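Colleague: Sharing a structure, written as structure tokens. Questions coming.
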Amino acid sequence: MSRVVVFDSGLGSLSIIREMQKVGKYEIIYFGDQESFPYGKKSKKQLAKIIKDSIEKLREEFSPDLIVMGSNTPTIMLDIKDGDVIGVRPPILYAANISKTKNIGILGTESAVQSRELSEYIKKLNLDSDINVHKINGSQLVGLVESGKFLTNIPLCRKNIQEILSSVIEEKGIDTITLSSTHLPFLRKIMEKKFPSVKFVDPAKTVAEKISKTIKSESKSQLKIFASGDISKFQQNLSMLGIQNKVRPLSI
């Protein structure tokens, strides 16, 4: 059976796994590395070590056909050239194509939106001169997802979304925002209800389609879940999302 390992610093990878399960059937190994959360607060050097160690460990433990680095932050900040590793990048070109105001936002982690690498990536896209890209620090929202507050404290999520997005959307005329952390799609419905005139773009579908073209789909699917850190809390959050699979311990 085709085996795919998907990893992130916690719950974020689930947004990609859900899309993967819509387009193909694989044995999916999901690793939530809570001990390394948040990627978005790490220096480039720290992040490089975490990702290198993670990939080596996951290869050693599971011998996967493909590894999905289910996080925008290391994909943007690190130059991973391994052929069996797929990352997640902000869907900026798509956002630029559908924006009517020509003002798009990239909502991501602090490290990602402040990085030189993201600026260089945007430059390489050669966007039309009338496209304005606005970077928005969404680390606080990522924290709400990883802590489970998006399930247990919706009013707090609404408040934080309002504080982070309201003024920048209004002042810059933003009508399209890329959800450039895989944690953020868990807040998408709240964002869409609060800002109905803004399109929120999730790259998970694009990543899932790329995976389906890379490896063979099987007749049945499996999902095995591993995590570092507080496994019981991780299990609890998954259960609230309707996922009953047992979480097994794994540390990098």
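Chain labels follow the order of the structure tokens: the first chain is A, the next B, and so on; residue numbering restarts at 1 in every chain, and ligands are counted from 1 in their shown order.
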List as a Markdown table every residue of stretch 22-114 of chain A that is in contact with stretch 13-16 of chain A, defined as an atom at most 10 Å from one of its atoms (using only C-alpha atoms), together with the nearest atom pair and the distance in Å rounded to one decimal, sorted by chain and then rising number.
Modeller:
| residue | atom | partner | partner_atom | distance |
| --- | --- | --- | --- | --- |
| A:Tyr30 | CA | A:Ser13 | CA | 7.6 |
| A:Phe31 | CA | A:Ser13 | CA | 8.3 |
| A:Gly32 | CA | A:Ser13 | CA | 7.7 |
| A:Val68 | CA | A:Ser13 | CA | 8.8 |
| A:Met69 | CA | A:Ser13 | CA | 8.3 |
| A:Gly70 | CA | A:Ser13 | CA | 5.1 |
| A:Ser71 | CA | A:Ser13 | CA | 7.3 |
| A:Val88 | CA | A:Ile16 | CA | 9.4 |
Colleague: How would the residues just picked look written out with N, CA and C atoms as a PDB file, in the first residue's frame?
Modeller:
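Result written to out.pdb:
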ATOM      1  N   TYR A  30       0.262  10.101  10.305  1.00  0.00           N
ATOM      2  CA  TYR A  30       0.139  11.506  10.699  1.00  0.00           C
ATOM      3  C   TYR A  30       0.931  11.722  11.986  1.00  0.00           C
ATOM      4  N   PHE A  31       1.904  12.628  11.922  1.00  0.00           N
ATOM      5  CA  PHE A  31       2.718  12.937  13.103  1.00  0.00           C
ATOM      6  C   PHE A  31       2.530  14.398  13.503  1.00  0.00           C
ATOM      7  N   GLY A  32       1.966  14.589  14.683  1.00  0.00           N
ATOM      8  CA  GLY A  32       1.798  15.927  15.244  1.00  0.00           C
ATOM      9  C   GLY A  32       2.893  16.191  16.265  1.00  0.00           C
ATOM     10  N   VAL A  68       4.967  14.498   3.446  1.00  0.00           N
ATOM     11  CA  VAL A  68       4.336  15.800   3.258  1.00  0.00           C
ATOM     12  C   VAL A  68       4.654  16.675   4.463  1.00  0.00           C
ATOM     13  N   MET A  69       5.421  17.715   4.238  1.00  0.00           N
ATOM     14  CA  MET A  69       5.732  18.694   5.272  1.00  0.00           C
ATOM     15  C   MET A  69       4.529  19.640   5.338  1.00  0.00           C
ATOM     16  N   GLY A  70       3.592  19.295   6.215  1.00  0.00           N
ATOM     17  CA  GLY A  70       2.293  19.966   6.215  1.00  0.00           C
ATOM     18  C   GLY A  70       2.299  21.318   6.889  1.00  0.00           C
ATOM     19  N   SER A  71       3.225  22.164   6.512  1.00  0.00           N
ATOM     20  CA  SER A  71       3.332  23.485   7.124  1.00  0.00           C
ATOM     21  C   SER A  71       3.937  24.462   6.128  1.00  0.00           C
ATOM     22  N   VAL A  88       4.097  22.951   1.484  1.00  0.00           N
ATOM     23  CA  VAL A  88       2.870  23.725   1.278  1.00  0.00           C
ATOM     24  C   VAL A  88       3.249  25.195   1.115  1.00  0.00           C
TER      25      VAL A  88
END
Colleague: Write out as a ChimeraX atom specification the residues lying within 8 Å of A:Leu11, counting only C-alpha atoms and excluding same-chain residues fewer than 4 positions away.
Modeller: /A:32,145-146,183
Colleague: Mind writing the picked residues with C-alpha atoms as a PDB file, in the first residue's frame?
Modeller:
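Saved as selection14.pdb:
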ATOM      1  CA  GLY A  32       1.798  15.927  15.244  1.00  0.00           C
ATOM      2  CA  VAL A 145      -6.240  26.142  16.917  1.00  0.00           C
ATOM      3  CA  GLU A 146      -3.420  24.157  18.492  1.00  0.00           C
ATOM      4  CA  HIS A 183      -3.867  25.405  11.203  1.00  0.00           C
TER       5      HIS A 183
END
Colleague: Enumerate the residues of stretch 45-124 of chain A with a DSSP assignment of strand (DSSP E or B), computed from the backbone, and present them as a PyMOL selection string.
Modeller: chain A and resi 66-69+85-86+103-108
Colleague: Can you pull out every residue within 8 Å of A:Leu141, counting only C-alpha atoms, but drop anything in the same chain fewer than 6 positions away, and send it as a PyMOL selection string?
Modeller: chain A and resi 157+160-161+184
Colleague: Atoms to include: N, CA and C atoms. Write the selected residues as a CSV table (one decimal), in the first residue's frame.
Modeller:
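This went into result-v8.csv:
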chain,number,residue,atom,x,y,z
A,157,CYS,N,-12.2,33.2,19.7
A,157,CYS,CA,-11.7,33.1,18.3
A,157,CYS,C,-12.3,34.3,17.5
A,160,ASN,N,-10.4,37.5,18.4
A,160,ASN,CA,-9.0,37.6,17.9
A,160,ASN,C,-9.0,37.8,16.4
A,161,ILE,N,-9.9,37.1,15.7
A,161,ILE,CA,-10.0,37.3,14.3
A,161,ILE,C,-10.3,38.7,13.9
A,184,LEU,N,-4.9,27.3,10.0
A,184,LEU,CA,-5.9,28.3,9.9
A,184,LEU,C,-7.2,27.9,9.2
Colleague: Show me, as an MDAnalysis selection string, the residues that have an atom within 10 Å of A:Glu27 when counting only C-alpha atoms, minus same-chain residues fewer than 6 positions from it.
Modeller: chainID A and resid 1:5 64 217:218 220:224
Colleague: Using only C-alpha atoms, can you tell me which of A:Val23, A:Ala208, A:Ile51, A:Ile215 comes closest to A:Asp84?
Modeller: A:Ile215
Colleague: Under the rule that only C-alpha atoms are counted, which of A:Arg248, A:Lys52, A:Arg59, A:Lys44 is the nearest residue to A:Gly229?
Modeller: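 For A:Gly229, the nearest of the candidates is A:Arg248.
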Colleague: I'd like the neighbourhood of A:Ser115 as a ChimeraX atom specification, where a residue qualifies if any of its atoms comes within 10 Å (using only C-alpha atoms), though same-chain residues fewer than 5 positions away should be ignored.
Modeller: /A:43-44,73,76-77,109-110,120
Colleague: How about saving the chosen residues, C-alpha atoms kept, as a CSV table (one decimal), in the first residue's frame?
Modeller:
chain,number,residue,atom,x,y,z
A,43,SER,CA,14.6,30.9,14.0
A,44,LYS,CA,15.6,29.6,10.6
A,73,THR,CA,6.5,28.0,7.5
A,76,ILE,CA,8.8,29.0,2.8
A,77,MET,CA,11.9,29.4,5.0
A,109,THR,CA,3.0,32.6,11.1
A,110,GLU,CA,5.2,35.4,12.4
A,120,GLU,CA,11.9,36.5,-2.5
Colleague: Go through A:Leu47, A:Leu179, A:Leu144, A:Val207 one by one, measure the shortest atom-to-atom distance of each to A:Val6 using only C-alpha atoms, and give the residue with the smallest value.
Modeller: A:Val207
Colleague: With only C-alpha atoms as the counted atoms, please give the residues lying no more than 10 Å from A:Pro185, apart from itself and same-chain residues fewer than 4 positions off, as JSON, numbers by chain.
Modeller: {"A": [12, 14, 15, 16, 142, 145, 178, 179, 180, 181, 189, 190, 191, 200, 201, 202, 203, 204]}
Colleague: For the selection you just gave me, I'd like the residues written to a file as a PDB file, in the first residue's frame, keeping C-alpha atoms.
Modeller:
ATOM      1  CA  GLY A  12      -2.346  21.673  11.206  1.00  0.00           C
ATOM      2  CA  LEU A  14      -5.307  17.481   9.463  1.00  0.00           C
ATOM      3  CA  SER A  15      -6.489  20.097   6.978  1.00  0.00           C
ATOM      4  CA  ILE A  16      -4.294  18.465   4.335  1.00  0.00           C
ATOM      5  CA  VAL A 142      -2.537  29.377  14.986  1.00  0.00           C
ATOM      6  CA  VAL A 145      -6.240  26.142  16.917  1.00  0.00           C
ATOM      7  CA  THR A 178      -4.413  33.008   1.651  1.00  0.00           C
ATOM      8  CA  LEU A 179      -4.613  30.782   4.719  1.00  0.00           C
ATOM      9  CA  SER A 180      -0.859  30.243   4.843  1.00  0.00           C
ATOM     10  CA  SER A 181      -0.669  28.062   7.916  1.00  0.00           C
ATOM     11  CA  LYS A 189     -15.943  29.367   8.693  1.00  0.00           C
ATOM     12  CA  ILE A 190     -15.646  31.973  11.448  1.00  0.00           C
ATOM     13  CA  MET A 191     -13.576  34.214   9.162  1.00  0.00           C
ATOM     14  CA  PHE A 200     -10.175  32.873   2.116  1.00  0.00           C
ATOM     15  CA  VAL A 201      -7.997  30.516   0.044  1.00  0.00           C
ATOM     16  CA  ASP A 202      -6.833  27.163   1.444  1.00  0.00           C
ATOM     17  CA  PRO A 203      -3.922  25.448  -0.398  1.00  0.00           C
ATOM     18  CA  ALA A 204      -4.753  21.985   0.999  1.00  0.00           C
TER      19      ALA A 204
END
Colleague: Can you list, as a ChimeraX atom specification, every protein, DNA or RNA residue that comes within 10 Å of A:Asn245 when you count only C-alpha atoms, leaving out same-chain residues fewer than 6 positions away?
Modeller: /A:223-226,235,238-239
Colleague: What does the file look like for those residues with N, CA and C atoms, as a PDB file, in the first residue's frame?
Modeller:
ATOM      1  N   LEU A 223      -5.358   5.310   8.512  1.00  0.00           N
ATOM      2  CA  LEU A 223      -4.791   6.490   9.162  1.00  0.00           C
ATOM      3  C   LEU A 223      -4.234   6.076  10.516  1.00  0.00           C
ATOM      4  N   LYS A 224      -2.922   6.253  10.675  1.00  0.00           N
ATOM      5  CA  LYS A 224      -2.265   5.991  11.952  1.00  0.00           C
ATOM      6  C   LYS A 224      -1.713   7.314  12.476  1.00  0.00           C
ATOM      7  N   ILE A 225      -1.933   7.582  13.745  1.00  0.00           N
ATOM      8  CA  ILE A 225      -1.606   8.892  14.296  1.00  0.00           C
ATOM      9  C   ILE A 225      -0.565   8.772  15.403  1.00  0.00           C
ATOM     10  N   PHE A 226       0.461   9.617  15.305  1.00  0.00           N
ATOM     11  CA  PHE A 226       1.520   9.686  16.308  1.00  0.00           C
ATOM     12  C   PHE A 226       1.669  11.150  16.732  1.00  0.00           C
ATOM     13  N   GLN A 235      -5.210  13.710  21.830  1.00  0.00           N
ATOM     14  CA  GLN A 235      -6.294  12.747  21.634  1.00  0.00           C
ATOM     15  C   GLN A 235      -7.648  13.396  21.876  1.00  0.00           C
ATOM     16  N   LEU A 238      -8.569  15.663  18.947  1.00  0.00           N
ATOM     17  CA  LEU A 238      -8.966  14.852  17.801  1.00  0.00           C
ATOM     18  C   LEU A 238     -10.363  14.280  17.994  1.00  0.00           C
ATOM     19  N   SER A 239     -10.656  13.831  19.199  1.00  0.00           N
ATOM     20  CA  SER A 239     -11.977  13.269  19.493  1.00  0.00           C
ATOM     21  C   SER A 239     -13.077  14.299  19.276  1.00  0.00           C
TER      22      SER A 239
END
Colleague: Interatomic distance between atom CA of A:Thr75 and atom CA of A:Ile131?
Modeller: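 Separation of atom CA of A:Thr75 and atom CA of A:Ile131: 23.2 Å.
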Colleague: With only C-alpha atoms as the basis for distance, which of A:Lys42, A:Lys57, A:Arg188, A:Lys22 is at the shortest distance from A:Phe7?
Modeller: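 Selected residue with least distance to A:Phe7: A:Lys57.
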